[in-house]
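**Student:** Contents of upload32.tsv (TSV, C-alpha atoms) are given next:
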chain	number	residue	atom	x	y	z
A	27	MET	CA	-26.93	149.55	131.42
A	28	PRO	CA	-29.04	146.36	131.41
A	29	PRO	CA	-29.46	144.64	134.79
A	30	GLU	CA	-27.27	141.63	135.47
A	31	PRO	CA	-29.07	138.30	135.12
A	32	ARG	CA	-30.09	136.83	138.46
A	33	GLN	CA	-29.39	133.28	139.48
A	34	GLY	CA	-32.60	131.26	139.59
A	35	ASP	CA	-33.70	129.46	142.74
A	36	LEU	CA	-33.70	125.72	142.25
A	37	PHE	CA	-36.60	125.23	144.65
A	38	ALA	CA	-38.40	128.54	144.19
A	39	GLN	CA	-42.15	128.36	144.15
A	40	SER	CA	-43.79	129.15	140.83
A	41	PRO	CA	-45.52	132.52	140.60
A	42	PRO	CA	-49.32	132.47	140.40
A	43	GLU	CA	-50.72	131.70	136.96
A	44	GLY	CA	-50.77	134.75	134.72
A	45	THR	CA	-47.90	136.47	136.56
A	46	VAL	CA	-45.19	137.82	134.27
A	47	THR	CA	-41.65	137.33	135.53
A	48	ASN	CA	-38.27	138.14	134.04
A	49	GLU	CA	-36.43	135.74	136.32
A	50	PRO	CA	-35.24	132.63	134.45
A	51	GLN	CA	-36.73	129.38	135.73
A	52	LEU	CA	-34.22	126.66	136.52
A	53	ALA	CA	-35.29	123.25	135.29
A	54	LEU	CA	-35.91	121.05	138.30
A	55	SER	CA	-35.42	117.33	138.06
A	56	ALA	CA	-35.01	114.38	140.36
A	57	SER	CA	-31.39	113.99	139.25
A	58	VAL	CA	-30.58	117.62	140.15
A	59	LEU	CA	-32.08	117.14	143.62
A	60	ARG	CA	-30.36	113.80	144.15
A	61	ASP	CA	-27.00	115.24	143.08
A	62	TRP	CA	-27.45	118.09	145.57
A	63	GLN	CA	-28.27	115.60	148.36
A	64	ARG	CA	-25.31	113.35	147.42
A	65	ARG	CA	-22.81	116.22	147.58
A	66	ILE	CA	-23.94	116.99	151.12
A	67	GLN	CA	-23.96	113.32	152.07
A	68	ARG	CA	-20.38	112.81	150.81
A	69	HIS	CA	-19.20	115.39	153.33
A	70	GLN	CA	-21.41	114.26	156.22
A	71	ALA	CA	-21.32	110.44	155.91
A	72	PRO	CA	-17.86	110.11	157.52
A	73	LEU	CA	-19.07	112.29	160.41
A	74	PHE	CA	-22.05	110.00	161.03
A	75	ALA	CA	-19.73	106.98	160.93
A	76	ALA	CA	-16.97	108.48	163.10
A	77	PRO	CA	-16.80	108.24	166.86
A	78	ALA	CA	-18.72	111.03	168.57
A	79	GLY	CA	-16.06	113.70	168.18
A	80	PRO	CA	-12.41	114.65	168.01
A	81	GLY	CA	-10.27	112.79	170.53
A	82	SER	CA	-12.84	110.02	171.01
A	83	VAL	CA	-11.47	106.57	171.61
A	84	GLN	CA	-13.04	103.23	170.81
A	85	GLN	CA	-12.41	101.67	174.22
A	86	THR	CA	-14.64	102.30	177.21
A	87	GLN	CA	-13.62	105.30	179.28
A	88	LEU	CA	-13.71	105.28	183.05
A	89	PHE	CA	-15.14	108.81	183.14
A	90	ALA	CA	-17.45	110.26	180.50
A	91	SER	CA	-16.12	113.22	178.56
A	92	THR	CA	-17.13	116.65	179.74
A	93	GLU	CA	-16.54	118.13	176.27
A	94	PRO	CA	-19.97	118.45	174.54
A	95	LEU	CA	-18.64	117.92	171.00
A	96	GLU	CA	-17.17	114.58	172.06
A	97	ARG	CA	-20.63	113.45	173.19
A	98	PHE	CA	-22.40	114.52	169.99
A	99	ALA	CA	-24.07	111.49	168.38
A	100	PRO	CA	-27.00	112.73	166.26
A	101	LEU	CA	-28.33	109.31	165.28
A	102	THR	CA	-28.88	108.41	168.93
A	103	LEU	CA	-31.31	111.31	169.35
A	104	GLN	CA	-35.03	110.63	169.00
A	105	PRO	CA	-36.37	111.78	165.61
A	106	LEU	CA	-39.59	113.75	165.86
A	107	PRO	CA	-41.95	114.92	163.13
A	108	LEU	CA	-41.54	118.60	162.26
A	109	SER	CA	-45.07	119.16	163.58
A	110	PHE	CA	-44.09	118.03	167.11
A	111	TRP	CA	-44.67	121.57	168.42
A	112	ARG	CA	-48.41	121.09	167.93
A	113	TRP	CA	-48.51	118.25	170.46
A	114	PRO	CA	-50.28	119.01	173.74
A	115	GLU	CA	-47.01	118.35	175.62
A	116	SER	CA	-43.51	118.77	174.25
A	117	PRO	CA	-41.08	115.87	174.77
A	118	HIS	CA	-38.21	118.36	175.26
A	119	GLN	CA	-37.77	121.30	177.60
A	120	GLY	CA	-35.02	123.80	178.30
A	121	PRO	CA	-31.73	124.54	176.48
A	122	ALA	CA	-30.93	122.40	173.47
A	123	ILE	CA	-29.20	122.11	170.14
A	124	TYR	CA	-31.71	121.00	167.52
A	125	LEU	CA	-31.03	119.25	164.23
A	126	VAL	CA	-33.24	119.04	161.16
A	127	MET	CA	-32.46	115.98	159.06
A	128	ASP	CA	-33.68	114.16	155.98
A	129	ARG	CA	-33.23	110.49	155.16
A	130	PRO	CA	-33.23	110.23	151.35
A	131	GLU	CA	-34.20	106.71	150.26
A	132	ASP	CA	-31.22	106.22	147.95
A	133	LEU	CA	-28.52	107.32	150.42
A	134	SER	CA	-26.84	105.16	153.06
A	135	THR	CA	-26.91	107.90	155.70
A	136	PRO	CA	-29.19	110.81	156.51
A	137	ILE	CA	-28.27	114.37	155.65
A	138	LEU	CA	-28.15	117.05	158.30
A	139	LEU	CA	-29.96	120.07	156.85
A	140	TYR	CA	-29.91	122.53	159.76
A	141	VAL	CA	-28.36	123.05	163.20
A	142	GLY	CA	-29.88	125.52	165.67
A	143	GLU	CA	-29.75	126.34	169.35
A	144	THR	CA	-32.43	127.37	171.79
A	145	VAL	CA	-32.93	128.19	175.42
A	146	ALA	CA	-36.46	126.68	175.26
A	147	ALA	CA	-36.74	123.48	173.21
A	148	ASP	CA	-40.50	123.31	173.74
A	149	ARG	CA	-41.05	126.74	172.15
A	150	ARG	CA	-38.32	127.27	169.52
A	151	TRP	CA	-40.03	125.67	166.55
A	152	LYS	CA	-43.31	127.54	167.08
A	153	GLY	CA	-44.01	130.56	164.91
A	154	GLU	CA	-41.78	131.93	162.16
A	155	HIS	CA	-38.41	130.35	161.38
A	156	ASP	CA	-36.34	130.64	158.19
A	157	CYS	CA	-35.60	126.93	158.24
A	158	LYS	CA	-39.35	126.18	158.05
A	159	SER	CA	-39.51	128.10	154.76
A	160	TYR	CA	-36.53	126.20	153.37
A	161	LEU	CA	-38.06	122.90	154.45
A	162	ALA	CA	-41.41	123.73	152.87
A	163	SER	CA	-39.72	124.59	149.55
A	164	TYR	CA	-37.49	121.51	149.81
A	165	SER	CA	-40.46	119.21	150.48
A	166	GLU	CA	-42.47	120.73	147.62
A	167	ALA	CA	-39.52	120.34	145.24
A	168	LEU	CA	-39.04	116.69	146.20
A	169	SER	CA	-42.74	116.00	145.76
A	170	ALA	CA	-42.86	117.78	142.39
A	171	VAL	CA	-40.26	115.38	140.93
A	172	GLY	CA	-41.58	112.23	142.61
A	173	LEU	CA	-39.03	111.97	145.44
A	174	ARG	CA	-40.01	111.36	149.03
A	175	GLY	CA	-38.57	113.30	151.94
A	176	GLN	CA	-38.28	111.87	155.44
A	177	THR	CA	-37.55	115.02	157.40
A	178	SER	CA	-37.36	115.03	161.17
A	179	ILE	CA	-36.12	117.19	164.02
A	180	ARG	CA	-33.98	115.97	166.92
A	181	PHE	CA	-33.12	117.74	170.16
A	182	TRP	CA	-29.83	117.37	172.03
A	183	GLY	CA	-30.39	118.48	175.60
A	184	ASP	CA	-26.93	117.64	176.94
A	185	VAL	CA	-25.64	121.12	176.12
A	186	PRO	CA	-24.48	124.17	178.09
A	187	SER	CA	-27.29	126.14	179.69
A	188	GLU	CA	-25.35	129.38	179.25
A	189	THR	CA	-26.36	130.96	175.91
A	190	ARG	CA	-22.89	132.09	174.76
A	191	SER	CA	-21.41	128.61	175.31
A	192	ARG	CA	-24.35	126.96	173.56
A	193	ARG	CA	-24.02	129.29	170.56
A	194	ARG	CA	-20.30	128.53	170.38
A	195	LEU	CA	-21.15	124.81	170.31
A	196	GLU	CA	-23.77	125.45	167.61
A	197	GLN	CA	-21.15	127.24	165.47
A	198	GLN	CA	-18.65	124.39	165.94
A	199	LEU	CA	-21.28	121.92	164.72
A	200	ILE	CA	-22.18	124.12	161.75
A	201	GLN	CA	-18.52	124.48	160.74
A	202	THR	CA	-17.95	120.72	161.07
A	203	TRP	CA	-21.14	119.35	159.48
A	204	LEU	CA	-21.81	122.21	157.02
A	205	PRO	CA	-25.63	121.86	157.01
A	206	PRO	CA	-26.99	123.51	153.86
A	207	PHE	CA	-29.88	125.45	155.43
A	208	ASN	CA	-27.72	127.40	157.88
A	209	LYS	CA	-26.89	130.87	156.58
A	210	GLU	CA	-23.19	130.28	157.23
A	211	THR	CA	-23.02	127.42	154.69
A	212	ARG	CA	-25.73	128.07	152.06
A	213	GLU	CA	-23.28	129.35	149.48
A	214	ARG	CA	-20.99	126.33	149.84
A	215	TRP	CA	-23.78	124.00	148.71
A	216	ALA	CA	-25.40	126.51	146.37
A	217	THR	CA	-28.45	126.02	148.56
A	218	PRO	CA	-31.31	126.87	146.24
A	219	PHE	CA	-33.80	128.03	148.83
A	220	ASN	CA	-35.14	131.45	149.65
A	221	ALA	CA	-36.54	132.03	153.12
A	222	ASP	CA	-38.29	135.19	151.96
A	223	GLY	CA	-40.98	133.14	150.27
What is this structure when it is put down as C-alpha coordinates?
**Tutor:**
Amino acid sequence: MPPEPRQGDLFAQSPPEGTVTNEPQLALSASVLRDWQRRIQRHQAPLFAAPAGPGSVQQTQLFASTEPLERFAPLTLQPLPLSFWRWPESPHQGPAIYLVMDRPEDLSTPILLYVGETVAADRRWKGEHDCKSYLASYSEALSAVGLRGQTSIRFWGDVPSETRSRRRLEQQLIQTWLPPFNKETRERWATPFNADG
(Lines of atoms letter the chains of each structure in order from A and count residues from 1; the text may use other names and numbers.)
(Lines give C-alpha, C1' and ligand atoms only; values in the text may rest on other atoms or scores of the structure.)
Protein backbone atom coordinates (compact mmCIF):
# COMPACT_ATOMS: atom_id res chain seq x y z
CA MET A 1 0.00 0.00 0.00
CA PRO A 2 1.53 3.37 -0.97
CA PRO A 3 2.18 5.78 1.90
CA GLU A 4 -0.34 8.57 2.41
CA PRO A 5 0.82 11.95 1.13
CA ARG A 6 2.08 14.20 3.91
CA GLN A 7 0.98 17.76 4.38
CA GLY A 8 3.80 20.16 3.53
CA ASP A 9 5.05 22.70 6.05
CA LEU A 10 4.37 26.23 4.90
CA PHE A 11 7.49 27.57 6.60
CA ALA A 12 9.70 24.50 6.43
CA GLN A 13 13.33 25.15 5.68
CA SER A 14 14.55 23.91 2.32
CA PRO A 15 16.75 20.82 2.40
CA PRO A 16 20.42 21.32 1.51
CA GLU A 17 21.13 21.53 -2.20
CA GLY A 18 21.34 18.11 -3.82
CA THR A 19 19.10 16.46 -1.21
CA VAL A 20 16.33 14.32 -2.69
CA THR A 21 12.99 14.61 -0.92
CA ASN A 22 9.59 13.07 -1.60
CA GLU A 23 7.76 15.64 0.50
CA PRO A 24 5.82 18.11 -1.66
CA GLN A 25 6.93 21.72 -1.29
CA LEU A 26 4.16 24.19 -0.56
CA ALA A 27 4.46 27.39 -2.56
CA LEU A 28 5.17 30.22 -0.18
CA SER A 29 4.04 33.72 -1.00
CA ALA A 30 3.51 37.00 0.76
CA SER A 31 -0.24 36.68 0.27
CA VAL A 32 -0.31 33.24 1.96
CA LEU A 33 1.61 34.63 4.95
CA ARG A 34 -0.53 37.75 5.16
CA ASP A 35 -3.74 35.69 4.99
CA TRP A 36 -2.45 33.50 7.85
CA GLN A 37 -1.64 36.60 9.94
CA ARG A 38 -5.03 38.20 9.15
CA ARG A 39 -6.98 35.13 10.28
CA ILE A 40 -5.22 35.27 13.64
CA GLN A 41 -5.65 39.03 13.88
CA ARG A 42 -9.41 38.79 13.22
CA HIS A 43 -9.76 36.66 16.34
CA GLN A 44 -7.36 38.65 18.53
CA ALA A 45 -8.10 42.28 17.55
CA PRO A 46 -11.29 42.48 19.67
CA LEU A 47 -9.32 41.12 22.64
CA PHE A 48 -6.69 43.85 22.28
CA ALA A 49 -9.46 46.46 22.05
CA ALA A 50 -11.58 45.11 24.93
CA PRO A 51 -11.22 46.09 28.54
CA ALA A 52 -8.62 43.99 30.36
CA GLY A 53 -10.84 40.98 30.95
CA PRO A 54 -14.28 39.54 31.63
CA GLY A 55 -16.28 41.59 34.10
CA SER A 56 -14.16 44.72 33.60
CA VAL A 57 -15.96 48.01 33.79
CA GLN A 58 -15.09 51.28 32.13
CA GLN A 59 -15.44 53.42 35.25
CA THR A 60 -12.72 53.72 37.86
CA GLN A 61 -12.90 51.10 40.59
CA LEU A 62 -12.24 51.92 44.21
CA PHE A 63 -10.26 48.69 44.69
CA ALA A 64 -8.18 47.05 41.98
CA SER A 65 -9.29 43.60 40.88
CA THR A 66 -7.57 40.65 42.47
CA GLU A 67 -8.43 38.42 39.49
CA PRO A 68 -5.29 38.19 37.26
CA LEU A 69 -7.22 37.80 33.99
CA GLU A 70 -9.03 41.07 34.66
CA ARG A 71 -5.67 42.85 34.92
CA PHE A 72 -4.25 41.38 31.70
CA ALA A 73 -3.36 44.20 29.30
CA PRO A 74 -0.63 42.93 26.94
CA LEU A 75 -0.04 46.21 25.13
CA THR A 76 0.91 47.92 28.40
CA LEU A 77 3.81 45.50 28.89
CA GLN A 78 7.28 46.57 27.75
CA PRO A 79 8.25 44.93 24.44
CA LEU A 80 11.75 43.49 24.46
CA PRO A 81 13.83 42.10 21.61
CA LEU A 82 13.90 38.29 21.51
CA SER A 83 17.63 38.48 22.25
CA PHE A 84 17.02 40.18 25.64
CA TRP A 85 18.37 37.09 27.44
CA ARG A 86 21.86 37.94 26.21
CA TRP A 87 21.87 41.23 28.12
CA PRO A 88 24.22 41.41 31.11
CA GLU A 89 21.22 42.01 33.39
CA SER A 90 17.66 40.87 32.78
CA PRO A 91 14.90 43.47 33.19
CA HIS A 92 12.58 40.78 34.64
CA GLN A 93 12.98 38.36 37.52
CA GLY A 94 10.82 35.73 39.14
CA PRO A 95 7.46 34.21 38.12
CA ALA A 96 5.86 35.56 34.96
CA ILE A 97 3.63 34.92 32.00
CA TYR A 98 5.50 35.78 28.81
CA LEU A 99 4.05 36.71 25.44
CA VAL A 100 5.70 36.57 22.04
CA MET A 101 4.13 38.99 19.59
CA ASP A 102 4.56 40.28 16.06
CA ARG A 103 3.40 43.61 14.68
CA PRO A 104 2.77 43.08 10.95
CA GLU A 105 2.98 46.39 9.08
CA ASP A 106 -0.35 46.00 7.29
CA LEU A 107 -2.43 45.09 10.38
CA SER A 108 -4.02 47.52 12.83
CA THR A 109 -3.10 45.42 15.87
CA PRO A 110 -0.28 43.06 16.77
CA ILE A 111 -0.74 39.31 16.76
CA LEU A 112 -0.01 37.24 19.83
CA LEU A 113 2.03 34.25 18.65
CA TYR A 114 2.82 32.46 21.92
CA VAL A 115 1.91 32.47 25.62
CA GLY A 116 4.16 30.78 28.18
CA GLU A 117 4.73 30.73 31.92
CA THR A 118 7.88 30.58 33.98
CA VAL A 119 9.06 30.61 37.54
CA ALA A 120 12.22 32.49 36.47
CA ALA A 121 11.67 35.21 33.85
CA ASP A 122 15.39 35.97 33.66
CA ARG A 123 16.24 32.39 32.65
CA ARG A 124 13.26 30.97 30.70
CA TRP A 125 14.22 32.13 27.23
CA LYS A 126 17.81 30.85 27.48
CA GLY A 127 18.64 27.56 25.81
CA GLU A 128 16.28 25.38 23.81
CA HIS A 129 12.62 26.31 23.38
CA ASP A 130 10.16 25.10 20.72
CA CYS A 131 8.85 28.62 20.23
CA LYS A 132 12.35 29.79 19.23
CA SER A 133 12.33 27.26 16.37
CA TYR A 134 8.89 28.43 15.22
CA LEU A 135 10.02 32.06 15.38
CA ALA A 136 13.18 31.35 13.40
CA SER A 137 11.17 29.61 10.66
CA TYR A 138 8.53 32.37 10.75
CA SER A 139 11.16 35.12 10.44
CA GLU A 140 12.93 33.31 7.58
CA ALA A 141 9.63 32.81 5.75
CA LEU A 142 8.71 36.49 6.10
CA SER A 143 12.14 37.55 4.88
CA ALA A 144 12.03 35.14 1.92
CA VAL A 145 8.89 36.83 0.55
CA GLY A 146 9.92 40.40 1.36
CA LEU A 147 7.82 40.92 4.51
CA ARG A 148 9.21 42.37 7.68
CA GLY A 149 8.57 40.91 11.11
CA GLN A 150 8.59 42.98 14.29
CA THR A 151 8.69 40.24 16.88
CA SER A 152 9.07 40.99 20.57
CA ILE A 153 8.64 39.33 23.94
CA ARG A 154 6.80 40.83 26.91
CA PHE A 155 6.75 39.67 30.51
CA TRP A 156 3.76 40.00 32.85
CA GLY A 157 5.03 39.73 36.40
CA ASP A 158 1.72 40.38 38.17
CA VAL A 159 0.91 36.66 38.24
CA PRO A 160 0.56 33.96 40.91
CA SER A 161 3.88 32.75 42.31
CA GLU A 162 2.44 29.26 42.83
CA THR A 163 3.17 27.17 39.71
CA ARG A 164 -0.20 25.39 39.43
CA SER A 165 -2.12 28.68 39.59
CA ARG A 166 0.21 30.30 37.07
CA ARG A 167 -0.19 27.38 34.65
CA ARG A 168 -3.97 27.59 35.02
CA LEU A 169 -3.76 31.30 34.12
CA GLU A 170 -1.50 30.45 31.15
CA GLN A 171 -4.10 27.94 29.88
CA GLN A 172 -6.92 30.48 30.27
CA LEU A 173 -4.95 32.96 28.17
CA ILE A 174 -4.16 30.33 25.53
CA GLN A 175 -7.83 29.29 25.28
CA THR A 176 -8.94 32.94 25.02
CA TRP A 177 -6.30 34.35 22.66
CA LEU A 178 -5.55 31.15 20.68
CA PRO A 179 -1.89 31.99 19.92
CA PRO A 180 -0.77 29.91 16.92
CA PHE A 181 2.60 28.73 18.27
CA ASN A 182 1.19 27.07 21.39
CA LYS A 183 0.75 23.33 20.91
CA GLU A 184 -2.87 23.55 22.11
CA THR A 185 -3.88 25.77 19.16
CA ARG A 186 -1.53 24.95 16.25
CA GLU A 187 -4.10 22.86 14.43
CA ARG A 188 -6.77 25.56 14.64
CA TRP A 189 -4.60 27.95 12.62
CA ALA A 190 -2.97 25.24 10.52
CA THR A 191 0.26 26.56 12.00
CA PRO A 192 2.83 25.63 9.39
CA PHE A 193 5.84 25.36 11.66
CA ASN A 194 7.83 22.39 12.84
CA ALA A 195 9.82 22.73 16.04
CA ASP A 196 11.86 19.65 15.18
CA GLY A 197 13.89 21.63 12.69
**Student:** Please compute the atom CA of Thr144 of chain A-atom CA of Thr211 of chain A distance, one decimal, in Å.
**Tutor:**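 Atom-to-atom, atom CA of Thr144 of chain A and atom CA of Thr211 of chain A are spaced 19.5 Å apart.
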**Student:** Could you check which of A:Gly175, A:Pro206, A:Pro72, A:Pro186 is closest to Asp128 of chain A, using only C-alpha atoms?
**Tutor:** A:Gly175
**Student:** Residues near Gly142 of chain A, anyone? I mean within 7 Å using all atoms listed in the file, not counting same-chain ones fewer than 3 positions away, as a VMD selection string.
**Tutor:** chain A and resid 123 to 125 196
**Student:** Choose the residue, out of A:Ala122, A:Ala76, A:Glu143, A:Glu115, that has the smallest atom-to-atom separation from Gln197 of chain A; count all atoms listed in the file.
**Tutor:**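 Closest to Gln197 of chain A, using all atoms listed in the file: A:Glu143.
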**Student:** Report the distance between atom CA of Ser163 of chain A and atom CA of Pro205 of chain A in Å, rounded to one decimal place.
**Tutor:**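 Atom CA of Pro205 of chain A lies at a distance of 16.2 Å from atom CA of Ser163 of chain A.
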**Student:** Between A:Asp156, A:Asp61, A:Glu166, A:Asp184, single out the one closest to Asn208 of chain A, counting all atoms listed in the file.
**Tutor:** A:Asp156
**Student:** Atom CA of Met127 of chain A to atom CA of Arg214 of chain A: how many Å, to one decimal?
**Tutor:**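 Value for the atom CA of Met127 of chain A-atom CA of Arg214 of chain A distance: 18.0 Å.
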**Student:** Rank nothing, just name the residue among A:Ser169, A:Gln201, A:Thr189, A:Thr177 nearest to Ser109 of chain A, using only C-alpha atoms.
**Tutor:**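 Comparing A:Ser169, A:Gln201, A:Thr189, A:Thr177 against Ser109 of chain A, the winner is A:Thr177.
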**Student:** Give, as AutoDock Vina command-line options, the centre coordinates and the x, y and z edge lengths in Å to one decimal for an axis-aligned box around all listed atoms of segment 196-203 of chain A, padded by 8 Å on each side.
**Tutor:**
--center_x -20.9 --center_y 123.3 --center_z 163.5 --size_x 21.8 --size_y 23.9 --size_z 24.1
**Student:** Please provide the set of residues having any atom within 8 Å of Leu133 of chain A, restricted to all atoms listed in the file, with same-chain residues fewer than 4 positions apart removed, written as number ranges by chain.
**Tutor:** A: 64, 67, 129
**Student:** Pick out the closest residue to Arg65 of chain A from this set: A:Val126, A:Ile200, A:Leu95, A:Ile137. Count all atoms listed in the file.
**Tutor:**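 Closest to Arg65 of chain A of all the choices is A:Ile137.
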**Student:** When you count only C-alpha atoms, which of these residues is closest to Val58 of chain A: A:Glu188, A:Leu173, A:Phe207, A:Phe98?
**Tutor:**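 Closest to Val58 of chain A, using only C-alpha atoms: A:Leu173.
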**Student:** As JSON, numbers by chain, please: the residues near Trp203 of chain A (cut-off 8 Å, all atoms listed in the file, same-chain neighbours under 4 positions excluded).
**Tutor:** {"A": [69, 70, 73, 138, 199]}
**Student:** What would the file look like if the residues just selected were written as a PDB file, in the coordinates of the input with C-alpha atoms?
**Tutor:**
ATOM      1  CA  HIS A  69     -19.200 115.390 153.330  1.00  0.00           C
ATOM      2  CA  GLN A  70     -21.410 114.260 156.220  1.00  0.00           C
ATOM      3  CA  LEU A  73     -19.070 112.290 160.410  1.00  0.00           C
ATOM      4  CA  LEU A 138     -28.150 117.050 158.300  1.00  0.00           C
ATOM      5  CA  LEU A 199     -21.280 121.920 164.720  1.00  0.00           C
TER       6      LEU A 199
END
